[in-house]
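**Q** Handing over input15.txt, compact mmCIF, C-alpha atoms.
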# COMPACT_ATOMS: atom_id res chain seq x y z
CA MET P 3 84.17 18.12 -51.03
CA THR P 4 82.07 18.33 -54.19
CA LYS P 5 82.36 14.58 -54.60
CA ARG P 6 81.19 13.96 -50.99
CA LEU P 7 78.23 16.32 -51.41
CA SER P 8 77.23 14.54 -54.63
CA SER P 9 77.37 11.20 -52.81
CA PHE P 10 75.25 12.57 -49.95
CA ILE P 11 72.63 13.93 -52.38
CA PHE P 12 72.66 10.55 -54.20
CA LEU P 13 71.98 8.74 -50.91
CA LEU P 14 69.15 11.10 -50.00
CA GLY P 15 67.57 10.31 -53.34
CA ARG P 16 67.32 6.69 -52.28
CA PHE P 17 64.80 7.61 -49.45
CA PRO P 18 61.15 8.71 -49.86
CA ARG P 19 60.83 12.47 -50.13
CA ALA P 20 58.37 12.66 -47.17
CA HIS P 21 60.91 10.97 -44.88
CA VAL P 22 63.66 13.26 -46.02
CA ALA P 23 61.50 16.33 -45.41
CA ALA P 24 60.58 15.15 -41.89
CA THR P 25 64.25 14.48 -41.09
CA LEU P 26 65.35 17.92 -42.23
CA ALA P 27 62.52 19.57 -40.21
CA LEU P 28 63.58 17.69 -37.09
CA ALA P 29 67.18 18.69 -37.60
CA ALA P 30 66.11 22.34 -37.92
CA LEU P 31 64.17 22.10 -34.64
CA LEU P 32 67.13 20.63 -32.80
CA GLY P 33 69.38 23.31 -34.15
CA ALA P 34 67.02 26.06 -33.05
CA ALA P 35 66.71 24.53 -29.58
CA MET P 36 70.51 24.65 -29.17
CA LEU P 37 70.44 28.36 -29.85
CA VAL P 38 67.87 29.14 -27.10
CA PRO P 39 69.52 30.62 -24.00
CA GLU P 40 69.22 28.51 -20.83
CA THR P 41 67.71 31.25 -18.66
CA GLY P 42 66.33 34.75 -18.90
CA SER P 43 65.17 34.49 -22.48
CA SER P 44 62.12 33.25 -24.32
CA VAL P 45 61.67 31.21 -27.46
CA PRO P 46 61.46 33.36 -30.58
CA SER P 47 57.92 34.23 -31.68
CA GLN P 48 58.03 32.05 -34.79
CA MET P 49 58.77 29.05 -32.57
CA GLU P 50 55.85 29.76 -30.18
CA SER P 51 53.29 29.05 -32.88
CA PHE P 52 54.81 25.74 -33.94
CA GLU P 53 52.53 22.75 -33.26
CA LEU P 54 53.28 19.09 -33.69
CA ALA P 55 50.11 17.38 -34.95
CA LEU P 56 49.43 13.92 -33.54
CA PRO P 57 47.26 11.37 -35.33
CA GLU P 58 43.70 11.03 -33.96
CA ARG P 59 43.01 7.80 -32.01
CA GLY P 60 39.31 7.97 -31.30
CA GLY P 61 39.46 9.50 -27.83
CA SER P 62 41.42 11.57 -25.35
CA GLU P 63 43.77 8.94 -24.01
CA MET P 64 45.94 11.56 -22.35
CA ASP P 65 42.95 12.95 -20.43
CA SER P 66 42.06 9.44 -19.27
CA ASP P 67 45.60 8.86 -18.02
CA THR P 68 45.51 12.16 -16.15
CA ASN P 69 42.28 11.25 -14.37
CA ILE P 70 43.57 7.83 -13.38
CA SER P 71 46.76 9.25 -11.92
CA THR P 72 44.78 11.88 -9.97
CA ALA P 73 42.53 9.20 -8.44
CA ALA P 74 45.52 7.02 -7.61
CA GLU P 75 47.20 9.86 -5.74
CA ARG P 76 44.53 9.76 -3.00
CA GLN P 77 45.97 7.59 -0.24
CA TRP P 78 43.14 6.43 2.02
CA ARG P 79 43.67 5.35 5.59
CA GLU P 80 40.78 3.22 6.85
CA ILE P 81 39.69 3.37 10.49
CA THR P 82 37.09 1.19 12.22
CA ILE P 83 35.29 3.06 14.99
CA ARG P 84 35.60 1.55 18.45
CA SER P 85 33.86 2.36 21.72
CA GLY P 86 35.00 5.72 23.11
CA ASP P 87 36.39 7.04 19.81
CA THR P 88 35.69 10.64 18.82
CA LEU P 89 36.32 12.31 15.48
CA GLY P 90 38.71 14.83 17.02
CA ASN P 91 40.83 12.19 18.76
CA LEU P 92 40.99 9.96 15.70
CA LEU P 93 42.10 12.78 13.42
CA ARG P 94 44.61 14.21 15.91
CA ASN P 95 46.10 10.73 16.38
CA ASN P 96 46.72 10.72 12.63
CA GLY P 97 48.52 14.08 12.67
CA VAL P 98 45.61 16.43 11.90
CA SER P 99 45.63 19.61 13.97
CA ALA P 100 42.74 20.65 16.22
CA ALA P 101 42.28 23.78 14.06
CA GLN P 102 41.74 21.63 10.96
CA VAL P 103 39.19 19.48 12.80
CA HIS P 104 37.29 22.58 13.92
CA THR P 105 37.25 24.00 10.39
CA LEU P 106 36.04 20.69 9.00
CA VAL P 107 33.00 20.28 11.28
CA SER P 108 32.01 23.94 11.35
CA THR P 109 31.98 24.50 7.57
CA ASP P 110 28.81 22.66 6.59
CA PRO P 111 25.88 20.91 8.37
CA THR P 112 26.62 17.71 6.44
CA LEU P 113 30.24 17.72 7.57
CA LYS P 114 29.17 18.45 11.15
CA GLU P 115 27.44 15.05 11.09
CA LEU P 116 30.89 13.45 10.72
CA ALA P 117 31.24 13.82 14.49
CA ASN P 118 28.35 11.38 15.03
CA LEU P 119 30.27 8.13 15.11
CA ARG P 120 28.90 4.62 15.65
CA VAL P 121 30.87 1.63 16.88
CA GLY P 122 31.80 -0.58 13.93
CA GLN P 123 31.43 2.26 11.43
CA THR P 124 34.20 2.82 8.85
CA LEU P 125 36.01 6.15 8.47
CA ARG P 126 38.41 6.82 5.60
CA ILE P 127 40.84 9.75 5.62
CA ASP P 128 43.39 11.11 3.17
CA ILE P 129 46.22 13.16 4.72
CA ASP P 130 49.03 14.66 2.66
CA GLN P 131 52.73 14.67 3.52
CA TYR P 132 52.36 17.96 5.38
CA GLY P 133 49.71 16.63 7.77
CA THR P 134 46.82 18.40 6.05
CA LEU P 135 43.56 16.49 5.83
CA GLN P 136 42.56 16.43 2.16
CA ALA P 137 39.47 14.22 2.20
CA ILE P 138 37.30 12.23 4.59
CA GLU P 139 34.59 9.62 4.04
CA GLN P 140 32.16 8.24 6.62
CA GLU P 141 30.17 5.09 5.95
CA ILE P 142 26.58 5.76 7.04
CA SER P 143 25.28 2.43 5.74
CA ARG P 144 26.10 0.00 2.97
CA VAL P 145 24.45 2.36 0.49
CA GLU P 146 25.13 5.80 1.98
CA THR P 147 28.41 7.67 2.42
CA ARG P 148 29.13 11.14 3.76
CA ARG P 149 32.19 12.75 2.13
CA GLY P 150 34.19 15.93 2.56
CA VAL P 151 36.87 17.07 0.08
CA LEU P 152 39.26 20.02 0.56
CA GLN P 153 39.32 22.10 -2.63
CA ASN P 154 41.23 25.37 -2.92
CA GLY P 155 41.40 25.61 0.87
CA GLU P 156 37.64 25.13 1.41
CA TRP P 157 35.66 22.05 2.34
CA GLN P 158 33.08 20.71 -0.10
CA ALA P 159 30.44 18.31 1.26
CA GLU P 160 28.78 15.41 -0.54
CA HIS P 161 26.11 12.91 0.48
CA ILE P 162 26.52 9.87 -1.74
CA LYS P 163 23.79 7.24 -2.04
CA ARG P 164 24.22 4.09 -4.05
CA ASP P 165 21.28 2.57 -5.85
CA TYR P 166 20.26 -0.98 -5.05
CA GLN P 167 20.20 -3.49 -7.84
CA ARG P 168 16.70 -4.99 -7.92
CA GLN P 169 16.00 -8.60 -8.68
CA MET P 170 12.57 -10.16 -8.97
CA SER P 171 11.87 -13.29 -6.92
CA TYR P 172 8.98 -15.63 -6.22
CA ALA P 173 7.56 -17.68 -3.36
CA GLU P 174 4.54 -19.88 -2.85
CA ALA P 175 3.33 -22.06 0.00
CA VAL P 176 0.42 -24.07 1.36
CA ILE P 177 -0.53 -23.32 4.96
CA GLU P 178 -0.52 -26.39 7.19
CA ASP P 179 -0.10 -24.69 10.56
CA SER P 180 0.34 -20.91 10.39
CA LEU P 181 1.13 -18.18 7.89
CA PHE P 182 4.53 -17.59 9.49
CA LEU P 183 5.62 -21.22 9.32
CA ALA P 184 4.41 -21.56 5.74
CA GLY P 185 6.22 -18.38 4.72
CA GLN P 186 9.46 -19.41 6.38
CA GLN P 187 9.33 -22.84 4.72
CA ALA P 188 8.94 -21.03 1.38
CA GLY P 189 12.14 -19.06 2.08
CA MET P 190 10.44 -15.79 2.97
CA THR P 191 11.84 -13.51 5.64
CA ASP P 192 9.74 -12.26 8.57
CA ASN P 193 9.64 -8.85 6.88
CA LEU P 194 8.09 -10.30 3.71
CA ILE P 195 5.56 -12.34 5.68
CA MET P 196 4.51 -9.21 7.58
CA GLN P 197 4.17 -7.33 4.29
CA LEU P 198 1.92 -10.08 2.97
CA ALA P 199 -0.24 -10.05 6.10
CA ASN P 200 -0.56 -6.24 6.02
CA ILE P 201 -1.59 -6.22 2.34
CA PHE P 202 -4.51 -8.58 3.00
CA ALA P 203 -5.26 -7.42 6.56
CA TRP P 204 -8.54 -5.77 5.51
CA ASP P 205 -9.88 -8.86 3.70
CA ILE P 206 -8.50 -11.73 5.78
CA ASP P 207 -8.47 -12.04 9.55
CA PHE P 208 -5.26 -13.98 10.10
CA ILE P 209 -6.49 -15.01 13.56
CA LEU P 210 -9.93 -16.35 12.63
CA ASP P 211 -10.05 -16.92 8.87
CA ILE P 212 -6.94 -19.02 8.14
CA ARG P 213 -7.57 -22.71 7.43
CA ARG P 214 -5.28 -25.62 6.62
CA GLY P 215 -4.91 -25.82 2.85
CA ASP P 216 -5.04 -22.06 2.31
CA HIS P 217 -2.20 -21.05 0.00
CA PHE P 218 -0.54 -18.02 -1.55
CA ARG P 219 1.80 -16.91 -4.34
CA VAL P 220 4.03 -13.85 -4.06
CA LEU P 221 6.12 -11.89 -6.57
CA TYR P 222 8.59 -9.60 -4.81
CA GLU P 223 11.87 -7.72 -5.20
CA GLU P 224 15.23 -8.53 -3.61
CA LEU P 225 17.70 -5.69 -3.09
CA LEU P 226 21.32 -6.39 -4.02
CA LEU P 227 24.65 -4.61 -3.69
CA ASP P 228 27.56 -5.82 -5.82
CA GLY P 229 25.58 -8.94 -6.64
CA GLU P 230 24.89 -9.81 -2.98
CA LYS P 231 21.39 -9.74 -1.49
CA VAL P 232 21.22 -7.30 1.40
CA ALA P 233 17.47 -6.87 1.98
CA ASP P 234 13.97 -7.58 0.74
CA GLY P 235 12.20 -5.01 -1.37
CA ASP P 236 8.47 -4.62 -1.85
CA ILE P 237 5.90 -7.25 -2.73
CA LEU P 238 4.88 -6.47 -6.32
CA MET P 239 1.93 -8.86 -6.57
CA ALA P 240 0.32 -11.41 -4.30
CA GLU P 241 -2.48 -13.95 -4.56
CA PHE P 242 -4.08 -15.54 -1.49
CA TRP P 243 -6.57 -18.40 -1.49
CA ASN P 244 -8.56 -18.34 1.76
CA ARG P 245 -11.23 -21.01 2.12
CA ASP P 246 -13.26 -20.75 -1.11
CA ARG P 247 -12.16 -17.31 -2.26
CA LYS P 248 -9.14 -15.82 -3.99
CA VAL P 249 -7.83 -12.32 -3.19
CA THR P 250 -5.30 -10.61 -5.46
CA ALA P 251 -3.24 -7.45 -4.87
CA PHE P 252 -0.97 -5.40 -7.16
CA ARG P 253 1.50 -2.75 -6.05
CA PHE P 254 1.15 0.43 -8.14
CA GLU P 255 2.83 3.83 -8.03
CA THR P 256 0.61 6.73 -9.04
CA ALA P 257 1.73 9.75 -11.07
CA ASP P 258 2.21 11.78 -7.88
CA GLY P 259 4.57 9.18 -6.41
CA GLN P 260 2.11 7.53 -4.00
CA THR P 261 2.18 3.73 -3.77
CA GLU P 262 -0.92 1.67 -3.16
CA TYR P 263 -1.99 -1.97 -3.27
CA LEU P 264 -4.97 -2.40 -5.56
CA ASP P 265 -7.25 -5.25 -6.56
CA ALA P 266 -7.70 -6.39 -10.17
CA LEU P 267 -10.15 -3.55 -10.87
CA GLY P 268 -7.95 -0.81 -9.43
CA ASN P 269 -9.78 -0.50 -6.12
CA SER P 270 -7.73 -0.04 -2.98
CA MET P 271 -6.99 -3.14 -0.91
CA ARG P 272 -6.96 -0.83 2.08
CA ARG P 273 -10.04 -0.03 4.10
CA GLU P 274 -10.37 3.03 6.26
CA PHE P 275 -9.70 0.76 9.26
CA ILE P 276 -7.49 -2.17 10.15
CA ARG P 277 -9.55 -5.14 11.22
CA THR P 278 -7.07 -6.24 13.94
CA PRO P 279 -5.01 -3.62 15.84
CA VAL P 280 -2.65 -6.19 17.40
CA GLU P 281 -0.64 -8.40 15.06
CA PHE P 282 -1.25 -12.16 15.33
CA ALA P 283 -2.74 -12.03 18.81
CA ARG P 284 -5.26 -14.53 20.17
CA ILE P 285 -8.89 -13.57 20.71
CA SER P 286 -9.62 -14.24 24.37
CA SER P 287 -13.10 -12.70 24.50
CA ARG P 288 -15.56 -11.67 21.80
CA PHE P 289 -18.18 -8.98 21.48
CA ASN P 290 -21.00 -10.16 23.80
CA PRO P 291 -23.71 -8.00 25.43
CA ASN P 292 -24.41 -10.77 28.02
CA ARG P 293 -20.87 -11.74 29.03
CA ARG P 294 -19.96 -12.49 32.66
CA HIS P 295 -17.04 -10.22 33.70
CA PRO P 296 -13.97 -12.34 34.62
CA VAL P 297 -12.93 -10.09 37.54
CA LEU P 298 -16.28 -8.77 38.88
CA ASN P 299 -18.08 -12.09 38.25
CA THR P 300 -21.22 -10.23 37.20
CA ILE P 301 -23.13 -10.03 33.92
CA ARG P 302 -21.74 -7.01 32.13
CA ALA P 303 -21.95 -6.28 28.42
CA HIS P 304 -18.65 -6.82 26.63
CA ARG P 305 -18.82 -4.22 23.91
CA GLY P 306 -15.52 -4.96 22.28
CA VAL P 307 -13.01 -7.71 21.50
CA ASP P 308 -10.13 -8.79 23.74
CA TYR P 309 -6.84 -9.75 22.11
CA ALA P 310 -4.52 -11.72 24.42
CA ALA P 311 -0.87 -10.94 23.73
CA PRO P 312 2.38 -10.70 25.70
CA SER P 313 2.86 -7.52 27.71
CA GLY P 314 4.62 -4.93 25.60
CA THR P 315 3.19 -6.07 22.25
CA PRO P 316 2.72 -2.97 20.01
CA ILE P 317 -0.83 -1.70 19.48
CA ARG P 318 -1.63 -0.04 16.13
CA ALA P 319 -4.11 2.71 15.36
CA ALA P 320 -6.95 1.14 13.39
CA GLY P 321 -7.23 4.16 11.11
CA ASP P 322 -6.18 7.74 10.48
CA GLY P 323 -7.58 10.11 13.08
CA ARG P 324 -7.10 12.42 16.03
CA VAL P 325 -6.54 11.33 19.64
CA GLU P 326 -9.65 12.32 21.60
CA PHE P 327 -8.58 10.98 24.98
CA VAL P 328 -5.42 9.54 26.48
CA GLY P 329 -5.09 8.60 30.15
CA LYS P 330 -6.75 6.46 32.83
CA LYS P 331 -10.46 5.64 32.68
CA GLY P 332 -11.78 3.50 35.56
CA GLY P 333 -11.75 -0.24 34.93
CA TYR P 334 -10.32 0.32 31.46
CA GLY P 335 -6.98 1.32 32.99
CA ASN P 336 -4.77 3.15 30.49
CA VAL P 337 -6.92 4.12 27.50
CA ILE P 338 -6.60 5.84 24.15
CA ILE P 339 -9.71 6.92 22.21
CA ILE P 340 -9.26 7.99 18.59
CA ARG P 341 -11.83 9.93 16.58
CA HIS P 342 -11.92 9.06 12.84
CA GLY P 343 -13.89 11.79 11.11
CA GLN P 344 -17.50 12.42 12.13
CA ALA P 345 -18.95 8.92 12.35
CA TYR P 346 -16.27 6.57 13.68
CA SER P 347 -14.18 6.18 16.84
CA THR P 348 -12.05 3.40 18.33
CA LEU P 349 -11.04 2.66 21.94
CA TYR P 350 -7.93 0.80 23.18
CA ALA P 351 -7.86 -0.22 26.85
CA HIS P 352 -5.71 -1.95 29.55
CA MET P 353 -2.57 -0.58 27.87
CA ARG P 354 0.71 -0.88 29.71
CA SER P 355 1.97 2.42 28.35
CA PHE P 356 1.51 4.95 25.56
CA THR P 357 3.89 5.79 22.74
CA ARG P 358 5.84 8.99 23.38
CA GLY P 359 3.97 12.01 22.05
CA MET P 360 0.48 10.60 22.50
CA ARG P 361 -1.73 13.37 23.90
CA ASN P 362 -5.17 14.84 23.30
CA GLY P 363 -5.30 16.29 19.79
CA THR P 364 -2.38 14.25 18.41
CA ARG P 365 -2.96 13.14 14.81
CA VAL P 366 -2.19 9.47 14.10
CA LYS P 367 -1.88 7.42 10.94
CA GLN P 368 -3.35 4.03 10.26
CA GLY P 369 -0.96 1.31 11.48
CA GLN P 370 1.03 3.73 13.67
CA THR P 371 2.05 2.30 17.07
CA ILE P 372 0.12 4.17 19.76
CA GLY P 373 0.99 2.08 22.81
CA TYR P 374 1.69 -1.37 24.22
CA VAL P 375 -0.33 -4.27 25.57
CA GLY P 376 -0.64 -4.43 29.35
CA MET P 377 -3.12 -5.34 32.10
CA THR P 378 -3.96 -2.02 33.77
CA GLY P 379 -7.44 -1.53 35.26
CA LEU P 380 -9.74 -4.52 35.74
CA ALA P 381 -7.81 -7.12 33.76
CA SER P 382 -6.98 -10.72 34.62
CA GLY P 383 -4.03 -10.90 32.23
CA PRO P 384 -2.20 -8.91 29.56
CA HIS P 385 -4.47 -8.13 26.63
CA LEU P 386 -5.91 -5.34 24.51
CA HIS P 387 -9.59 -4.49 24.86
CA TYR P 388 -10.67 -2.94 21.55
CA GLU P 389 -13.96 -1.19 20.81
CA PHE P 390 -15.37 0.12 17.53
CA LEU P 391 -18.14 2.73 17.52
CA VAL P 392 -20.27 4.06 14.65
CA ASN P 393 -22.13 7.28 15.48
CA GLY P 394 -21.59 6.52 19.17
CA VAL P 395 -23.03 2.99 18.97
CA HIS P 396 -20.82 -0.03 19.73
CA ARG P 397 -20.42 -2.48 16.87
CA ASP P 398 -18.69 -5.86 16.77
CA PRO P 399 -15.15 -5.08 15.48
CA LEU P 400 -14.95 -8.53 13.89
CA THR P 401 -18.07 -8.22 11.74
CA VAL P 402 -18.73 -4.51 11.20
CA LYS P 403 -18.59 -3.51 7.53
CA LEU P 404 -15.54 -1.32 7.05
CA PRO P 405 -15.61 1.64 4.64
CA LYS P 406 -13.43 1.38 1.54
CA ALA P 407 -10.44 3.64 0.96
CA GLN P 408 -10.03 5.53 -2.32
CA GLY P 409 -8.59 3.54 -5.23
CA ILE P 410 -6.71 4.45 -8.40
CA PRO P 411 -7.45 7.86 -9.98
CA GLU P 412 -9.67 7.38 -13.02
CA GLY P 413 -7.10 8.99 -15.31
CA GLU P 414 -4.51 6.35 -14.37
CA ARG P 415 -6.74 3.27 -14.51
CA LYS P 416 -5.58 2.26 -18.00
CA ALA P 417 -1.90 2.46 -16.99
CA PHE P 418 -2.66 0.39 -13.92
CA LEU P 419 -4.43 -2.33 -15.90
CA VAL P 420 -1.44 -2.63 -18.26
CA HIS P 421 0.90 -2.80 -15.24
CA ALA P 422 -1.25 -5.42 -13.50
CA ASN P 423 -1.41 -7.59 -16.61
CA ARG P 424 2.38 -7.54 -16.93
CA LEU P 425 2.80 -8.59 -13.28
CA ARG P 426 0.20 -11.32 -13.71
CA ASN P 427 2.13 -12.76 -16.67
CA GLN P 428 5.43 -12.64 -14.77
CA LEU P 429 3.92 -14.39 -11.76
CA ALA P 430 2.50 -17.10 -14.02
CA LEU P 431 5.94 -17.71 -15.57
CA TYR P 432 7.56 -18.04 -12.14
CA SER P 433 4.78 -20.33 -10.96
CA ASP P 434 5.14 -22.62 -14.01
CA ALA P 435 8.92 -22.77 -13.55
CA ASN P 436 8.49 -23.56 -9.86
CA THR P 437 6.01 -26.35 -10.63
CA LEU P 438 8.33 -27.81 -13.28
CA ALA P 439 11.29 -27.76 -10.88
CA ALA P 440 9.21 -29.44 -8.17
CA ASN P 441 8.10 -32.21 -10.56
CA GLU P 442 11.65 -32.86 -11.76
CA SER P 443 12.93 -33.19 -8.18
CA ARG P 444 10.46 -35.99 -7.38
Mind converting the file's structure to structure tokens?
**A**
Amino acid sequence: MTKRLSSFIFLLGRFPRAHVAATLALAALLGAAMLVPETGSSVPSQMESFELALPERGGSEMDSDTNISTAAERQWREITIRSGDTLGNLLRNNGVSAAQVHTLVSTDPTLKELANLRVGQTLRIDIDQYGTLQAIEQEISRVETRRGVLQNGEWQAEHIKRDYQRQMSYAEAVIEDSLFLAGQQAGMTDNLIMQLANIFAWDIDFILDIRRGDHFRVLYEELLLDGEKVADGDILMAEFWNRDRKVTAFRFETADGQTEYLDALGNSMRREFIRTPVEFARISSRFNPNRRHPVLNTIRAHRGVDYAAPSGTPIRAAGDGRVEFVGKKGGYGNVIIIRHGQAYSTLYAHMRSFTRGMRNGTRVKQGQTIGYVGMTGLASGPHLHYEFLVNGVHRDPLTVKLPKAQGIPEGERKAFLVHANRLRNQLALYSDANTLAANESR
């Protein structure tokens, strides 16, 4: 026995002392564990304080694994909404009780909106093995999701909105026929072309002023989701050469969150009034105090401008103001008169109908649709008759000098000039690259 013990001690001496100590400690632990009763007893107090220290690895890997497994446990069922589907029927068909559905939609106003389903919309639900709804997601749009999660027996609501990725893009074109055709040939969408027209609407009459050879350059944003373009953003800068003049506009956001298009000096591109209240219509009759009336065949002053357009074409308020009159007025047919402060008023006649909510005293914003082109009253065809009055006196809407809107606050002018210079440099880089690409393709 003594000889065997001596041999064992000799063998232990062949191993590093740290390894031997760790082995003996582990053996002691195993021995103690064998002595613990299977039930009805606790580990002795000296064992409760024992901790096994693990080496540090630069992060909580165990926490990460826990989170991953929790996320993986949610088993989504995806449902595409079809005609006639209701939230209650869809959930009950998937084993959710009517009581659960009622609790879901009555807990929170956001969750109540889950019942508003649209055909083609996607609904995702997570139901556990006992038939209890644990979570629900409703796709509002590609960037918005409404979500409800059951936590500790109560529903928690979330409204999730993804941010677009924004990518700068560039377009330029020479007008040979019309602004729309030129824009489309440059790869611009109708929305971008309309933005461009609205930015310069106070300086350029796109019915009368456009000439062949006019051209423009535009720097704008594209909105992307997961690397795919889903929409156009805002025009950031635009230059327009019309006849012998160049007009430039920069988009700028003020400190209070208001956005405005400004010229190179920081003055607003916007006037107090839109020059043309019907988009891209044709002038069928001008301001003329000696015009012969087309229906009455008598000399009667034409104290406005007629814009021929298809019936139903939207009519925009020329400026901010308050509706002074809405209704029928003799040969004018359906009419709206808007008062803009003390000095100015505008009249819109022969309208087919008014926008819902138009009544005396209604406040309107510049560009807001107030009604639709028609041919009520003494009219030989569908058109808008538009009048512009200054202190009660009729002026030619095409030539009257329009008052300027307020520009950049003086305290933000320096920030604007820095911003405008940066946009100008970016547009120049895109323009040079576009010219180089065009030359190489020849």
**Q** In Å, with one decimal, what is the gap from atom CA of Phe282 of chain P to atom CA of Phe208 of chain P?
**A**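 Distance reported for this atom pair: 6.8 Å.
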**Q** Can you pull out every residue within 12 Å of Ala417 of chain P, counting all atoms listed in the file, but drop anything in the same chain fewer than 4 positions away, and send it as a list in words?
**A**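 Listed by chain and then number, they are Phe254, Glu255, Thr256, Ala257, Leu267, Gly268, Ile410, Pro411, Glu412, Gly413, His421, Ala422, Asn423 and Arg424 of chain P.
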**Q** Can you work out the spacing between atom CA of His217 of chain P and atom CA of Ile177 of chain P in Å, to one decimal?
**A** 5.7 Å
**Q** Which is closest to Gly332 of chain P among P:His387, P:Arg318, P:His352, P:Arg144, if we use only C-alpha atoms?
**A**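 That would be P:His352, the residue with the smallest distance to Gly332 of chain P.
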**Q** From the set P:Ala240, P:Ala101, P:Ala381, P:Leu391, which residue has the shortest atom-to-atom contact distance to Arg341 of chain P, counting only C-alpha atoms?
**A**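 Comparing P:Ala240, P:Ala101, P:Ala381, P:Leu391 against Arg341 of chain P, the winner is P:Leu391.
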**Q** Tell me, as an MDAnalysis selection string, which residues lie within 12 Å of Ser99 of chain P, counting only C-alpha atoms; anything in the same chain fewer than 2 positions away does not count.
**A** chainID P and resid 89:97 101:106 129 132:135
**Q** Could the residues in this selection be written to a file with C-alpha atoms, as a short mmCIF file (atom, residue, chain, number, x, y, z; two decimals), keeping the file's coordinate frame?
**A**
data_model
loop_
_atom_site.label_atom_id
_atom_site.label_comp_id
_atom_site.auth_asym_id
_atom_site.auth_seq_id
_atom_site.Cartn_x
_atom_site.Cartn_y
_atom_site.Cartn_z
CA LEU P 89 36.32 12.31 15.48
CA GLY P 90 38.71 14.83 17.02
CA ASN P 91 40.83 12.19 18.76
CA LEU P 92 40.99 9.96 15.70
CA LEU P 93 42.10 12.78 13.42
CA ARG P 94 44.61 14.21 15.91
CA ASN P 95 46.10 10.73 16.38
CA ASN P 96 46.72 10.72 12.63
CA GLY P 97 48.52 14.08 12.67
CA ALA P 101 42.28 23.78 14.06
CA GLN P 102 41.74 21.63 10.96
CA VAL P 103 39.19 19.48 12.80
CA HIS P 104 37.29 22.58 13.92
CA THR P 105 37.25 24.00 10.39
CA LEU P 106 36.04 20.69 9.00
CA ILE P 129 46.22 13.16 4.72
CA TYR P 132 52.36 17.96 5.38
CA GLY P 133 49.71 16.63 7.77
CA THR P 134 46.82 18.40 6.05
CA LEU P 135 43.56 16.49 5.83
#
**Q** Which protein, DNA or RNA residues are at most 8 Å from (31.4, 23.0, 1.4) in the file's coordinates when you count all atoms listed in the file, listed as number ranges by chain?
**A** P: 109-110, 150, 156-159
**Q** May I have the residues from that selection written out with C-alpha atoms, as a CSV table (one decimal), keeping the file's coordinate frame?
**A**
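Saved result, selection.csv, follows:
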chain,number,residue,atom,x,y,z
P,109,THR,CA,32.0,24.5,7.6
P,110,ASP,CA,28.8,22.7,6.6
P,150,GLY,CA,34.2,15.9,2.6
P,156,GLU,CA,37.6,25.1,1.4
P,157,TRP,CA,35.7,22.0,2.3
P,158,GLN,CA,33.1,20.7,-0.1
P,159,ALA,CA,30.4,18.3,1.3
**Q** Can you work out which one of P:Ser85, P:Asn154, P:Thr191, P:Ser108 has the shortest atom-to-atom distance to Val121 of chain P, counting all atoms listed in the file?
**A**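 With all atoms listed in the file as the atom set, the closest residue is P:Ser85.
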**Q** Between P:Leu238, P:Val420, P:Ala175, P:Ile339, which one has atoms that come closest to Ser433 of chain P, using only C-alpha atoms?
**A** P:Ala175
**Q** Counting all atoms listed in the file, note down every residue that has an atom within 12 Å of the point (-22.2, -2.8, 16.5) (file coordinates), as a ChimeraX atom specification.
**A** /P:289-291,304-307,346,389-404
**Q** Set the distance at 7 Å and use only C-alpha atoms: which residues neighbour Leu221 of chain P once local chain neighbours fewer than 5 positions away are removed? I'd like the list as an mmCIF file with C-alpha atoms, keeping the file's coordinate frame.
**A**
data_model
loop_
_atom_site.group_PDB
_atom_site.id
_atom_site.type_symbol
_atom_site.label_atom_id
_atom_site.label_comp_id
_atom_site.auth_asym_id
_atom_site.auth_seq_id
_atom_site.Cartn_x
_atom_site.Cartn_y
_atom_site.Cartn_z
ATOM 1 C CA SER P 171 11.870 -13.290 -6.920
ATOM 2 C CA TYR P 172 8.980 -15.630 -6.220
ATOM 3 C CA ALA P 173 7.560 -17.680 -3.360
ATOM 4 C CA ILE P 237 5.900 -7.250 -2.730
ATOM 5 C CA LEU P 238 4.880 -6.470 -6.320
ATOM 6 C CA MET P 239 1.930 -8.860 -6.570
ATOM 7 C CA ALA P 240 0.320 -11.410 -4.300
ATOM 8 C CA LEU P 429 3.920 -14.390 -11.760
#
**Q** Skipping near chain neighbours, those fewer than 4 positions away, what residues fall within 8 Å of Thr378 of chain P using all atoms listed in the file, listed as a CSV table (one decimal) with C-alpha atoms, in the coordinates of the input?
**A**
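Wrote it out as part_5.csv, contents follow:
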chain,number,residue,atom,x,y,z
P,334,TYR,CA,-10.3,0.3,31.5
P,335,GLY,CA,-7.0,1.3,33.0
P,336,ASN,CA,-4.8,3.2,30.5
P,352,HIS,CA,-5.7,-2.0,29.6
P,353,MET,CA,-2.6,-0.6,27.9
P,354,ARG,CA,0.7,-0.9,29.7
**Q** Let me make sure I understand: among P:Leu264, P:Ile212, P:Ala319, P:Leu425, which one has the smallest atom-to-atom distance to Gly409 of chain P if we use only C-alpha atoms?
**A**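 Checking each of P:Leu264, P:Ile212, P:Ala319, P:Leu425 against Gly409 of chain P, counting only C-alpha atoms, the winner is P:Leu264.
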**Q** Could you jot down the atom CA of Ala311 of chain P to atom CA of Val325 of chain P separation for me, Å, one decimal place?
**A** 23.3 Å
**Q** Taking only C-alpha atoms into account, which of P:Val98, P:Met377, P:Ala251, P:Leu349 comes nearest Phe418 of chain P?
**A** P:Ala251
